[in-house]
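S.K.: Contents of model-v1.txt (compact mmCIF, C-alpha atoms) are given next:
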# COMPACT_ATOMS: atom_id res chain seq x y z
CA MET A 72 -82.20 20.55 -38.72
CA THR A 73 -79.72 22.07 -36.27
CA HIS A 74 -81.35 23.97 -33.42
CA LEU A 75 -79.45 26.81 -31.77
CA PRO A 76 -80.92 29.10 -29.11
CA LYS A 77 -82.45 32.38 -30.17
CA LEU A 78 -80.20 35.21 -29.03
CA HIS A 79 -81.48 36.92 -25.92
CA SER A 80 -82.89 40.39 -26.33
CA GLN A 81 -81.00 43.26 -24.74
CA PRO A 82 -81.46 43.97 -21.94
CA TRP A 83 -81.89 40.32 -21.05
CA SER A 84 -85.13 39.91 -19.10
CA LEU A 85 -85.85 37.44 -16.28
CA THR A 86 -88.93 39.33 -15.07
CA ARG A 87 -91.34 36.40 -15.05
CA SER A 88 -88.79 34.11 -13.35
CA THR A 89 -88.33 36.71 -10.62
CA GLU A 90 -92.07 37.06 -10.07
CA LEU A 91 -92.55 33.30 -9.79
CA LEU A 92 -89.58 33.04 -7.43
CA GLN A 93 -91.19 35.51 -5.04
CA ARG A 94 -94.35 33.39 -4.98
CA ALA A 95 -92.41 30.12 -4.58
CA VAL A 96 -90.40 31.39 -1.61
CA ASP A 97 -93.65 31.80 0.36
CA LEU A 98 -95.12 28.53 -0.86
CA VAL A 99 -92.38 25.88 -0.98
CA PRO A 100 -89.89 25.24 1.84
CA GLY A 101 -86.51 25.73 0.14
CA THR A 102 -88.14 27.33 -2.93
CA THR A 103 -88.26 24.20 -5.08
CA HIS A 104 -88.63 20.45 -4.67
CA SER A 105 -85.08 19.40 -5.54
CA LEU A 106 -82.10 20.71 -3.60
CA MET A 107 -79.98 20.80 -6.75
CA LYS A 108 -82.50 23.06 -8.54
CA ARG A 109 -82.53 25.82 -5.94
CA PRO A 110 -81.56 29.27 -7.27
CA GLU A 111 -78.45 29.39 -5.07
CA GLN A 112 -77.04 26.42 -6.99
CA PHE A 113 -76.69 28.68 -10.02
CA CYS A 114 -76.12 32.43 -10.43
CA PRO A 115 -78.98 34.26 -8.66
CA GLY A 116 -80.21 37.27 -10.60
CA ARG A 117 -78.36 36.25 -13.77
CA PHE A 118 -79.81 32.80 -14.33
CA PRO A 119 -83.39 31.67 -15.05
CA VAL A 120 -85.26 30.12 -12.15
CA PHE A 121 -88.25 28.64 -13.99
CA LEU A 122 -88.42 26.89 -17.35
CA ALA A 123 -91.53 26.67 -19.52
CA ARG A 124 -90.75 24.00 -22.12
CA GLY A 125 -88.08 21.98 -23.88
CA ARG A 126 -87.50 20.24 -27.18
CA GLY A 127 -84.44 18.18 -27.89
CA ALA A 128 -81.43 19.81 -26.21
CA LEU A 129 -83.06 23.26 -26.13
CA VAL A 130 -85.11 24.68 -23.27
CA GLU A 131 -87.06 27.92 -22.97
CA ASP A 132 -87.57 29.82 -19.73
CA VAL A 133 -90.79 31.51 -18.65
CA ASP A 134 -89.51 34.82 -20.09
CA GLY A 135 -89.08 33.33 -23.57
CA ASN A 136 -85.26 33.03 -23.51
CA GLU A 137 -83.77 29.91 -25.11
CA TYR A 138 -80.76 27.86 -24.03
CA VAL A 139 -78.77 24.77 -24.91
CA ASP A 140 -79.40 22.58 -21.86
CA PHE A 141 -76.52 20.74 -20.21
CA ILE A 142 -78.34 20.26 -16.90
CA CYS A 143 -80.68 17.77 -18.55
CA GLY A 144 -83.08 17.38 -15.63
CA LEU A 145 -80.09 16.62 -13.35
CA GLY A 146 -79.11 13.89 -15.79
CA ALA A 147 -82.52 12.29 -16.21
CA THR A 148 -83.41 13.54 -19.71
CA SER A 149 -80.88 11.31 -21.42
CA LEU A 150 -82.58 11.54 -24.83
CA GLY A 151 -83.44 15.20 -24.59
CA HIS A 152 -86.80 16.86 -24.02
CA GLY A 153 -89.97 15.73 -25.79
CA HIS A 154 -88.42 12.83 -27.71
CA PRO A 155 -91.10 11.78 -30.25
CA GLU A 156 -90.85 8.03 -29.54
CA LEU A 157 -91.11 8.58 -25.79
CA ARG A 158 -94.10 10.89 -26.25
CA ALA A 159 -95.74 8.18 -28.33
CA ALA A 160 -95.05 5.60 -25.61
CA VAL A 161 -96.77 7.81 -23.03
CA ALA A 162 -99.75 8.40 -25.31
CA GLU A 163 -100.18 4.67 -25.91
CA ALA A 164 -99.87 3.80 -22.22
CA VAL A 165 -102.24 6.46 -20.94
CA GLU A 166 -105.02 5.09 -23.16
CA SER A 167 -104.90 1.81 -21.21
CA GLY A 168 -104.71 3.37 -17.76
CA VAL A 169 -101.91 4.77 -15.60
CA LEU A 170 -102.14 2.63 -12.47
CA HIS A 171 -103.97 -0.68 -12.41
CA SER A 172 -105.25 -2.78 -9.53
CA LEU A 173 -103.05 -5.72 -10.54
CA PRO A 174 -99.68 -5.98 -12.32
CA THR A 175 -99.52 -5.32 -16.05
CA GLU A 176 -97.54 -6.90 -18.86
CA LEU A 177 -95.42 -3.74 -19.00
CA GLU A 178 -93.78 -4.66 -15.67
CA VAL A 179 -92.53 -7.88 -17.22
CA ARG A 180 -91.51 -6.40 -20.57
CA ALA A 181 -89.63 -3.43 -19.06
CA GLY A 182 -87.93 -5.74 -16.56
CA GLU A 183 -86.83 -8.11 -19.29
CA ALA A 184 -85.46 -5.20 -21.34
CA LEU A 185 -83.44 -3.99 -18.35
CA VAL A 186 -81.88 -7.32 -17.36
CA GLU A 187 -80.96 -7.87 -21.01
CA LEU A 188 -78.72 -4.78 -20.90
CA VAL A 189 -77.10 -5.14 -17.47
CA PRO A 190 -74.29 -7.73 -17.28
CA GLY A 191 -75.14 -10.67 -15.01
CA ALA A 192 -78.63 -9.38 -14.21
CA GLU A 193 -81.53 -11.81 -13.94
CA MET A 194 -84.08 -10.14 -11.66
CA VAL A 195 -85.32 -6.58 -11.06
CA ARG A 196 -87.54 -4.58 -8.71
CA PHE A 197 -88.89 -1.21 -9.83
CA PHE A 198 -89.30 1.84 -7.60
CA LYS A 199 -89.80 5.56 -8.24
CA THR A 200 -86.69 7.50 -7.19
CA GLY A 201 -82.99 6.82 -6.92
CA ALA A 202 -83.19 7.07 -3.12
CA ASP A 203 -85.94 4.41 -3.13
CA ALA A 204 -83.67 2.02 -4.97
CA THR A 205 -80.56 2.65 -2.89
CA SER A 206 -82.56 2.31 0.32
CA ALA A 207 -84.02 -0.98 -0.90
CA SER A 208 -80.47 -2.15 -1.60
CA VAL A 209 -79.52 -1.41 2.01
CA ARG A 210 -82.38 -3.55 3.31
CA LEU A 211 -81.58 -6.32 0.84
CA ALA A 212 -77.93 -6.41 1.93
CA ARG A 213 -78.83 -6.46 5.62
CA ALA A 214 -81.28 -9.28 5.05
CA ARG A 215 -78.75 -11.33 3.08
CA THR A 216 -75.86 -10.88 5.47
CA GLY A 217 -77.49 -10.52 8.89
CA ARG A 218 -75.21 -7.52 9.47
CA SER A 219 -76.18 -3.91 10.11
CA ARG A 220 -73.39 -1.50 9.13
CA ILE A 221 -73.11 0.00 5.67
CA VAL A 222 -70.28 1.85 3.90
CA THR A 223 -71.39 4.55 1.48
CA ILE A 224 -69.17 6.12 -1.18
CA GLY A 225 -70.51 9.22 -2.90
CA TYR A 226 -74.03 10.60 -2.74
CA ASN A 227 -76.62 7.81 -2.49
CA GLY A 228 -79.83 9.66 -1.61
CA TRP A 229 -81.51 11.69 1.11
CA HIS A 230 -82.83 8.92 3.38
CA ASP A 231 -81.73 8.70 7.01
CA HIS A 232 -79.11 5.97 6.64
CA PHE A 233 -77.29 8.07 4.02
CA MET A 234 -77.70 11.59 5.43
CA PHE A 235 -77.23 10.58 9.06
CA ASP A 236 -75.44 13.81 10.00
CA THR A 237 -78.15 16.23 8.80
CA PRO A 238 -80.94 17.90 10.83
CA GLY A 239 -83.92 15.69 11.63
CA VAL A 240 -82.03 12.37 11.72
CA PRO A 241 -81.62 10.62 15.12
CA GLU A 242 -77.98 10.68 16.15
CA PRO A 243 -77.70 6.92 16.91
CA LEU A 244 -78.26 6.10 13.23
CA GLY A 245 -74.82 7.52 12.48
CA ALA A 246 -73.21 4.51 14.14
CA LEU A 247 -74.55 2.26 11.38
CA THR A 248 -73.14 4.18 8.40
CA THR A 249 -69.57 4.99 7.41
CA ARG A 250 -69.32 7.55 4.63
CA LEU A 251 -66.02 7.56 2.74
CA PRO A 252 -64.71 9.76 -0.10
CA LEU A 253 -63.24 8.54 -3.38
CA PHE A 254 -62.17 11.86 -4.83
CA GLN A 255 -58.45 11.01 -4.93
CA PRO A 256 -56.44 7.81 -5.45
CA SER A 257 -55.19 8.31 -1.90
CA ASP A 258 -58.76 7.63 -0.66
CA GLU A 259 -58.73 4.07 -1.97
CA PRO A 260 -56.59 2.37 0.75
CA ARG A 261 -58.89 3.68 3.50
CA ILE A 262 -61.93 2.15 1.82
CA LEU A 263 -60.24 -1.24 1.54
CA GLU A 264 -58.96 -1.03 5.12
CA THR A 265 -62.43 -0.12 6.44
CA VAL A 266 -64.03 -3.12 4.74
CA ARG A 267 -61.24 -5.46 5.83
CA GLU A 268 -61.34 -4.39 9.48
CA GLY A 269 -65.13 -4.15 9.82
CA ALA A 270 -66.17 -7.09 7.65
CA ASP A 271 -67.96 -8.94 10.46
CA GLU A 272 -70.34 -5.99 10.87
CA ILE A 273 -70.61 -4.56 7.35
CA ALA A 274 -73.56 -5.63 5.23
CA LEU A 275 -73.00 -3.42 2.21
CA VAL A 276 -70.56 -1.23 0.34
CA LEU A 277 -72.66 1.08 -1.83
CA LEU A 278 -70.44 2.82 -4.38
CA SER A 279 -71.27 5.80 -6.54
CA LEU A 280 -68.35 6.72 -8.78
CA PRO A 281 -66.79 10.17 -8.28
CA TYR A 282 -67.21 12.55 -11.20
CA ASN A 283 -64.02 14.56 -10.73
CA ARG A 284 -61.72 11.76 -11.92
CA ARG A 285 -61.63 8.41 -13.67
CA VAL A 286 -61.27 5.59 -11.17
CA ASP A 287 -58.72 2.88 -11.95
CA ARG A 288 -60.26 -0.52 -12.67
CA ALA A 289 -57.65 -2.19 -10.47
CA PHE A 290 -59.12 -0.59 -7.36
CA LEU A 291 -62.65 -1.73 -8.21
CA ALA A 292 -61.38 -5.25 -8.88
CA GLU A 293 -59.61 -5.30 -5.51
CA LEU A 294 -62.72 -4.04 -3.75
CA ARG A 295 -64.84 -6.67 -5.54
CA ALA A 296 -62.46 -9.45 -4.45
CA LEU A 297 -62.37 -8.19 -0.86
CA CYS A 298 -66.17 -8.04 -0.59
CA THR A 299 -66.45 -11.56 -2.00
CA GLU A 300 -63.85 -12.83 0.46
CA THR A 301 -65.51 -11.21 3.50
CA GLY A 302 -69.15 -11.82 2.54
CA VAL A 303 -69.90 -8.10 2.24
CA CYS A 304 -72.41 -7.13 -0.47
CA LEU A 305 -71.06 -4.77 -3.11
CA ALA A 306 -73.63 -2.61 -4.88
CA PHE A 307 -73.05 -0.02 -7.59
CA ASP A 308 -75.11 3.15 -7.40
CA GLU A 309 -75.63 3.68 -11.14
CA ILE A 310 -78.28 6.37 -10.76
CA VAL A 311 -76.08 8.74 -12.78
CA THR A 312 -73.64 6.45 -14.63
CA GLY A 313 -76.26 3.97 -15.87
CA PHE A 314 -76.64 3.93 -19.68
CA ARG A 315 -73.89 6.54 -20.03
CA LEU A 316 -70.46 4.99 -19.48
CA ALA A 317 -71.72 1.94 -21.37
CA LEU A 318 -75.09 0.40 -22.22
CA GLY A 319 -74.82 -1.70 -19.05
CA GLY A 320 -73.43 1.15 -16.98
CA ALA A 321 -70.17 1.46 -15.07
CA GLN A 322 -70.09 -2.26 -14.32
CA GLN A 323 -69.90 -3.03 -18.04
CA HIS A 324 -67.45 -0.18 -18.62
CA PHE A 325 -65.06 -1.57 -15.99
CA GLY A 326 -65.90 -5.26 -16.35
CA ILE A 327 -66.73 -5.58 -12.64
CA GLU A 328 -69.92 -7.35 -11.57
CA PRO A 329 -71.46 -6.13 -8.29
CA ASP A 330 -73.93 -8.16 -6.25
CA PHE A 331 -76.67 -5.79 -7.40
CA SER A 332 -77.02 -2.30 -8.87
CA CYS A 333 -79.32 0.69 -8.55
CA PHE A 334 -80.55 2.62 -11.60
CA SER A 335 -82.73 5.68 -12.17
CA LYS A 336 -82.52 8.96 -14.18
CA ALA A 337 -81.68 7.64 -17.69
CA LEU A 338 -83.52 4.40 -16.89
CA ALA A 339 -86.74 6.02 -18.09
CA ALA A 340 -85.21 9.06 -19.81
CA GLY A 341 -86.78 11.56 -17.41
CA MET A 342 -89.88 9.72 -16.20
CA PRO A 343 -89.97 8.82 -12.47
CA LEU A 344 -88.59 5.29 -12.28
CA SER A 345 -85.77 3.48 -10.49
CA ALA A 346 -84.70 -0.12 -10.09
CA VAL A 347 -82.57 -2.56 -8.16
CA VAL A 348 -81.25 -5.21 -10.51
CA GLY A 349 -78.87 -8.15 -10.20
CA PRO A 350 -78.37 -11.91 -10.41
CA ARG A 351 -80.99 -14.26 -9.00
CA ARG A 352 -78.68 -15.48 -6.23
CA THR A 353 -78.78 -12.04 -4.61
CA MET A 354 -82.07 -10.55 -5.79
CA ALA A 355 -84.25 -13.50 -4.72
CA ALA A 356 -83.74 -12.46 -1.10
CA MET A 357 -85.86 -9.35 -1.74
CA ALA A 358 -89.06 -11.37 -2.22
CA PRO A 359 -89.93 -11.75 1.50
CA LEU A 360 -88.84 -8.23 2.47
CA GLN A 361 -91.30 -5.46 3.30
CA VAL A 362 -90.11 -3.38 0.34
CA SER A 363 -93.09 -2.07 -1.57
CA THR A 364 -94.46 0.94 -3.41
CA THR A 365 -97.93 1.67 -4.78
CA PHE A 366 -96.51 3.34 -7.87
CA GLY A 367 -93.83 0.80 -8.84
CA GLY A 368 -96.07 -0.51 -11.62
CA GLU A 369 -97.17 2.89 -12.96
CA THR A 370 -97.49 2.33 -16.68
CA LEU A 371 -96.32 5.62 -18.22
CA SER A 372 -92.82 5.35 -16.74
CA LEU A 373 -92.53 1.66 -17.56
CA ALA A 374 -93.61 2.27 -21.15
CA VAL A 375 -91.01 5.02 -21.55
CA CYS A 376 -88.39 2.82 -19.89
CA GLU A 377 -89.03 0.01 -22.37
CA ARG A 378 -88.86 2.42 -25.32
CA ALA A 379 -85.78 4.27 -24.05
CA LEU A 380 -83.84 1.05 -23.47
CA ALA A 381 -84.71 -0.03 -27.01
CA ILE A 382 -83.35 3.28 -28.34
CA TYR A 383 -80.13 2.93 -26.36
CA ARG A 384 -79.67 -0.61 -27.69
CA SER A 385 -80.54 0.03 -31.33
CA THR A 386 -78.71 3.33 -31.95
CA ASP A 387 -75.23 4.80 -31.50
CA TYR A 388 -76.47 6.70 -28.43
CA VAL A 389 -73.60 5.72 -26.10
CA ASP A 390 -70.83 6.29 -28.66
CA ARG A 391 -72.40 9.60 -29.63
CA ILE A 392 -72.58 11.08 -26.12
CA HIS A 393 -68.95 10.04 -25.58
CA GLN A 394 -67.87 11.71 -28.83
CA LEU A 395 -69.78 14.92 -28.13
CA GLY A 396 -68.56 14.97 -24.55
CA ARG A 397 -64.97 14.69 -25.76
CA LEU A 398 -65.57 17.56 -28.21
CA PHE A 399 -66.99 19.66 -25.36
CA ARG A 400 -64.06 18.86 -23.05
CA GLU A 401 -61.36 19.51 -25.62
CA GLY A 402 -63.03 22.69 -26.87
CA VAL A 403 -63.65 24.25 -23.46
CA GLU A 404 -60.17 23.41 -22.22
CA SER A 405 -58.67 24.87 -25.41
CA VAL A 406 -60.40 28.22 -25.00
CA ALA A 407 -59.54 28.21 -21.28
CA ARG A 408 -55.86 27.88 -22.17
CA ASP A 409 -56.19 30.65 -24.73
CA HIS A 410 -57.56 32.98 -22.04
CA GLY A 411 -55.14 31.85 -19.35
CA SER A 412 -57.96 30.43 -17.21
CA ALA A 413 -57.66 27.56 -14.75
CA LEU A 414 -60.96 26.11 -16.00
CA SER A 415 -60.74 22.40 -16.79
CA VAL A 416 -63.25 19.69 -17.70
CA VAL A 417 -62.67 16.52 -15.70
CA GLY A 418 -64.21 13.08 -15.26
CA TYR A 419 -65.98 11.04 -17.92
CA ASP A 420 -66.77 12.57 -21.30
CA PRO A 421 -70.58 12.02 -21.20
CA LEU A 422 -70.53 13.58 -17.69
CA PRO A 423 -68.36 16.70 -18.09
CA MET A 424 -67.49 18.27 -14.74
CA LEU A 425 -66.37 21.91 -14.77
CA LEU A 426 -63.58 22.79 -12.39
CA PHE A 427 -61.90 26.13 -11.76
CA HIS A 428 -60.37 24.93 -8.48
CA PRO A 429 -60.33 21.50 -6.77
CA ASP A 430 -61.51 23.07 -3.51
CA ARG A 431 -65.31 23.29 -3.63
CA GLU A 432 -65.52 26.64 -1.85
CA LYS A 433 -62.84 28.20 -4.04
CA ASN A 434 -64.55 26.79 -7.12
CA ALA A 435 -67.92 28.33 -6.21
CA GLY A 436 -67.09 31.98 -7.02
CA PRO A 437 -65.74 31.62 -10.55
CA GLY A 438 -68.16 28.74 -11.17
CA GLU A 439 -71.13 30.96 -10.38
CA ALA A 440 -69.81 33.81 -12.50
CA PHE A 441 -69.26 31.42 -15.41
CA GLN A 442 -72.83 30.11 -15.07
CA GLY A 443 -74.19 33.64 -15.32
CA GLU A 444 -72.11 34.54 -18.35
CA MET A 445 -72.98 31.30 -20.13
CA ALA A 446 -76.71 31.73 -19.46
CA ALA A 447 -76.57 35.20 -20.99
CA ARG A 448 -75.16 33.51 -24.12
CA GLY A 449 -77.83 30.82 -24.31
CA VAL A 450 -76.20 27.93 -22.40
CA LEU A 451 -77.45 26.38 -19.14
CA LEU A 452 -74.78 24.68 -17.03
CA ARG A 453 -74.27 23.50 -13.50
CA ARG A 454 -71.10 24.80 -11.85
CA ASP A 455 -69.82 21.23 -11.48
CA LEU A 456 -71.37 18.10 -13.03
CA ASN A 457 -73.10 18.42 -16.40
CA PHE A 458 -74.58 16.00 -18.93
CA ILE A 459 -74.44 15.23 -22.63
CA SER A 460 -77.75 13.89 -23.95
CA GLY A 461 -78.67 11.96 -27.04
CA ALA A 462 -80.35 15.11 -28.36
CA HIS A 463 -77.25 17.32 -28.38
CA THR A 464 -75.72 18.14 -31.75
CA ARG A 465 -72.22 19.10 -32.81
CA PRO A 466 -73.28 22.69 -33.64
CA GLN A 467 -74.79 23.02 -30.16
CA ILE A 468 -71.55 21.84 -28.57
CA GLU A 469 -69.61 24.29 -30.75
CA HIS A 470 -72.02 27.05 -29.69
CA ALA A 471 -71.26 26.21 -26.04
CA ILE A 472 -67.51 26.31 -26.67
CA GLU A 473 -67.78 29.72 -28.35
CA ALA A 474 -69.96 30.91 -25.46
CA ALA A 475 -67.31 29.66 -23.01
CA SER A 476 -64.65 31.71 -24.77
CA ASP A 477 -66.81 34.85 -24.68
CA SER A 478 -67.75 34.19 -21.05
CA LEU A 479 -64.14 33.85 -19.90
CA ARG A 480 -63.28 37.05 -21.72
CA ALA A 481 -66.14 38.85 -19.95
CA MET A 482 -65.13 37.39 -16.57
CA LYS A 483 -61.59 38.64 -17.05
CA ALA A 484 -62.86 42.13 -17.82
CA ALA A 485 -65.17 42.06 -14.76
CA GLY A 486 -62.51 40.79 -12.35
CA THR A 487 -64.28 37.45 -11.69
CA PHE A 488 -61.66 35.50 -13.65
CA ALA A 489 -59.92 32.33 -12.46
Once more with this new file: its structure as structure tokens, please.

M.R.:
Amino acid sequence: MTHLPKLHSQPWSLTRSTELLQRAVDLVPGTTHSLMKRPEQFCPGRFPVFLARGRGALVEDVDGNEYVDFICGLGATSLGHGHPELRAAVAEAVESGVLHSLPTELEVRAGEALVELVPGAEMVRFFKTGADATSASVRLARARTGRSRIVTIGYNGWHDHFMFDTPGVPEPLGALTTRLPLFQPSDEPRILETVREGADEIALVLLSLPYNRRVDRAFLAELRALCTETGVCLAFDEIVTGFRLALGGAQQHFGIEPDFSCFSKALAAGMPLSAVVGPRRTMAAMAPLQVSTTFGGETLSLAVCERALAIYRSTDYVDRIHQLGRLFREGVESVARDHGSALSVVGYDPLPMLLFHPDREKNAGPGEAFQGEMAARGVLLRRDLNFISGAHTRPQIEHAIEAASDSLRAMKAAGTFA
């Protein structure tokens, strides 16, 4: 059965969302618990703030409006909402207990399932969030190399060594981290130069792929060779790309093996779980480190992880999200051309990134207007990076393309066109 959103009633009501928002503003610093879910990230007043439920690729807000969901829990709900096999895994696990006083067999089984999918992987440590895993990778690299500096590429989490230039972080920590962009091919020589010149001090290069373009494999191969030559650890932050570009993530897609990798989001298809994974020669050094979490062995997330990895491996999940992502990209760009809009869809097909203008500030205005128009037509989008899940269907993608055409037409009439 193909599920399309019920058309919103006219006038479109967000009354309950607005009421809850007023309560949340007084209760939660920043309104909600994830920066990327704050109302200002969308189209305030013309976009739901609170959701009530989801099934497959459809979600329903607290006012009863339905949408095709391309936000997908910020990329975590890789198989859609309420997947029957994942619900069954939770039900089975909860009967045996959520958190035990000693390790469970699930830790071993889920770990074995993960290393089976990731090229070169032999050992794994589980954590709860992506930032947990990337922070553990920093400590692992420092322990292995005896060096202190790190080079970060892309967003790697909120912890101090990544967000060293934000309020609340001691200024001296900034001396230990070099943050470099990879948005353009012209950024690549600086990264290589930084590693080459600072190799005696650099413990780790932690790389999260940019989403606005497709990186050339030759650059990654050169970076891999340089890190090997200089003894710098190379880690891939696969929090977003894991189980999307390929079953084994970006490293399998490009054929480049890092020293270790960090996974989350699709790792447990929306349950709170993350991991650092890699070959024994690098991962064994984590054993004596003070890297620990009470909830690393929580059974519900591990059970869902094991089941989700089995689904990825036994179905056409990866091929399907690539095919649907390509349909989305080609369809949206086609209607954009028809309307004379600058809107493009860039990056990797399972991770479609909307772009009206390459400058982030100039993209914000038309991006926000587009979000509002699309929401009114039953489609939830971020104004930049979006996600194709295993639950999306071709008719839902076609619905989004038609909604994009109608939205651009409305933007042109309202003077918010780009």

S.K.: To one decimal place, how far is CA of Ala471 in chain A from CA of Ala340 in chain A in Å?

M.R.: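 Between CA of Ala471 in chain A and CA of Ala340 in chain A the gap is 23.0 Å.
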
S.K.: Determine, counting all atoms listed in the file, which protein, DNA and RNA residues have an atom within 7 Å of an atom of range 161-172 of chain A; residues of the same chain fewer than 4 positions away are not included. Present the result as a PyMOL selection string.

M.R.: chain A and resi 157+368-371+374-375

S.K.: Rank nothing, just name the residue among A:Leu173, A:Ala447, A:Leu280, A:Leu150 nearest to Phe366 in chain A, using only C-alpha atoms.

M.R.: A:Leu173

S.K.: Which residue is closest to Ile468 in chain A? Choose from A:Phe314, A:Phe331, A:Tyr138, A:Phe441 and count all atoms listed in the file.

M.R.: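 Among the listed residues, A:Tyr138 lies closest to Ile468 in chain A.
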
S.K.: How many Å lie between CA of Arg352 in chain A and CA of Arg215 in chain A, rounded to one decimal?

M.R.: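 Between these atoms lies a distance of 10.2 Å.
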
S.K.: Calculate how many Å separate CA of Leu188 in chain A from CA of Ile382 in chain A, rounding to one decimal.

M.R.: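 Separating CA of Leu188 in chain A from CA of Ile382 in chain A is a distance of 11.9 Å.
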
S.K.: Let me make sure I understand: among A:Asp430, A:Glu193, A:Asp330, A:Glu264, which one has the smallest atom-to-atom distance to Leu211 in chain A if we use only C-alpha atoms?

M.R.: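 Of all the options, A:Asp330 lies closest to Leu211 in chain A.
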
S.K.: For range 309-367 of chain A against range 269-277 of chain A, with a cut-off of 12 Å and counting all atoms listed in the file, what is the closest atom pair and its distance in Å to one decimal for every residue that makes the cut, ordered by chain and number, as CSV?

M.R.:
residue,atom,partner,partner_atom,distance
A:Glu309,CA,A:Leu277,CA,10.1
A:Ile310,CA,A:Leu277,CA,11.8
A:Pro329,CA,A:Leu277,CA,9.8
A:Asp330,CA,A:Leu275,CA,9.7
A:Phe331,CA,A:Leu277,CA,9.7
A:Ser332,CA,A:Leu277,CA,8.9
A:Cys333,CA,A:Leu277,CA,9.5

S.K.: Okay, now the selection with C-alpha atoms, as a compact mmCIF listing (two decimals), in the coordinates of the input?

M.R.:
# COMPACT_ATOMS: atom_id res chain seq x y z
CA GLU A 309 -75.63 3.68 -11.14
CA ILE A 310 -78.28 6.37 -10.76
CA PRO A 329 -71.46 -6.13 -8.29
CA ASP A 330 -73.93 -8.16 -6.25
CA PHE A 331 -76.67 -5.79 -7.40
CA SER A 332 -77.02 -2.30 -8.87
CA CYS A 333 -79.32 0.69 -8.55

S.K.: Could you pull the residues within 8 Å of Arg397 in chain A, counting only C-alpha atoms, minus those fewer than 4 positions along the same chain, as a PyMOL selection string?

M.R.: chain A and resi 393+401+420-421

S.K.: Give me the residues near Glu328 in chain A as a list of chain:residue names, where near means some atom within 8 Å (using only C-alpha atoms) and where sequence neighbours in that chain fewer than 3 positions away do not count.

M.R.: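 Near Glu328 in chain A, the qualifying residues are A:Pro190, A:Gly191, A:Arg295, A:Gln322, A:Gln323.
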
S.K.: Complete range 285-296 of chain A with N, CA and C atoms (output as a PDB file, in the frame of the given file).

M.R.:
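Once written, result-v5.pdb looks like this:
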ATOM      1  N   ARG A 285     -61.324   9.736 -13.157  1.00  0.00           N
ATOM      2  CA  ARG A 285     -61.630   8.410 -13.670  1.00  0.00           C
ATOM      3  C   ARG A 285     -60.965   7.378 -12.763  1.00  0.00           C
ATOM      4  N   VAL A 286     -61.781   6.581 -12.112  1.00  0.00           N
ATOM      5  CA  VAL A 286     -61.270   5.590 -11.170  1.00  0.00           C
ATOM      6  C   VAL A 286     -60.568   4.470 -11.924  1.00  0.00           C
ATOM      7  N   ASP A 287     -59.481   3.982 -11.353  1.00  0.00           N
ATOM      8  CA  ASP A 287     -58.720   2.880 -11.950  1.00  0.00           C
ATOM      9  C   ASP A 287     -59.476   1.569 -11.739  1.00  0.00           C
ATOM     10  N   ARG A 288     -59.573   0.768 -12.779  1.00  0.00           N
ATOM     11  CA  ARG A 288     -60.260  -0.520 -12.670  1.00  0.00           C
ATOM     12  C   ARG A 288     -59.636  -1.417 -11.611  1.00  0.00           C
ATOM     13  N   ALA A 289     -58.332  -1.319 -11.426  1.00  0.00           N
ATOM     14  CA  ALA A 289     -57.650  -2.190 -10.470  1.00  0.00           C
ATOM     15  C   ALA A 289     -58.207  -2.025  -9.065  1.00  0.00           C
ATOM     16  N   PHE A 290     -58.544  -0.805  -8.688  1.00  0.00           N
ATOM     17  CA  PHE A 290     -59.120  -0.590  -7.360  1.00  0.00           C
ATOM     18  C   PHE A 290     -60.475  -1.265  -7.243  1.00  0.00           C
ATOM     19  N   LEU A 291     -61.330  -1.107  -8.257  1.00  0.00           N
ATOM     20  CA  LEU A 291     -62.650  -1.730  -8.210  1.00  0.00           C
ATOM     21  C   LEU A 291     -62.540  -3.254  -8.169  1.00  0.00           C
ATOM     22  N   ALA A 292     -61.584  -3.797  -8.899  1.00  0.00           N
ATOM     23  CA  ALA A 292     -61.380  -5.250  -8.880  1.00  0.00           C
ATOM     24  C   ALA A 292     -60.934  -5.713  -7.500  1.00  0.00           C
ATOM     25  N   GLU A 293     -60.071  -4.940  -6.857  1.00  0.00           N
ATOM     26  CA  GLU A 293     -59.610  -5.300  -5.510  1.00  0.00           C
ATOM     27  C   GLU A 293     -60.747  -5.211  -4.504  1.00  0.00           C
ATOM     28  N   LEU A 294     -61.571  -4.182  -4.638  1.00  0.00           N
ATOM     29  CA  LEU A 294     -62.720  -4.040  -3.750  1.00  0.00           C
ATOM     30  C   LEU A 294     -63.705  -5.184  -3.963  1.00  0.00           C
ATOM     31  N   ARG A 295     -63.949  -5.547  -5.233  1.00  0.00           N
ATOM     32  CA  ARG A 295     -64.840  -6.670  -5.540  1.00  0.00           C
ATOM     33  C   ARG A 295     -64.331  -7.958  -4.886  1.00  0.00           C
ATOM     34  N   ALA A 296     -63.042  -8.231  -5.020  1.00  0.00           N
ATOM     35  CA  ALA A 296     -62.460  -9.450  -4.450  1.00  0.00           C
ATOM     36  C   ALA A 296     -62.557  -9.444  -2.928  1.00  0.00           C
TER      37      ALA A 296
END
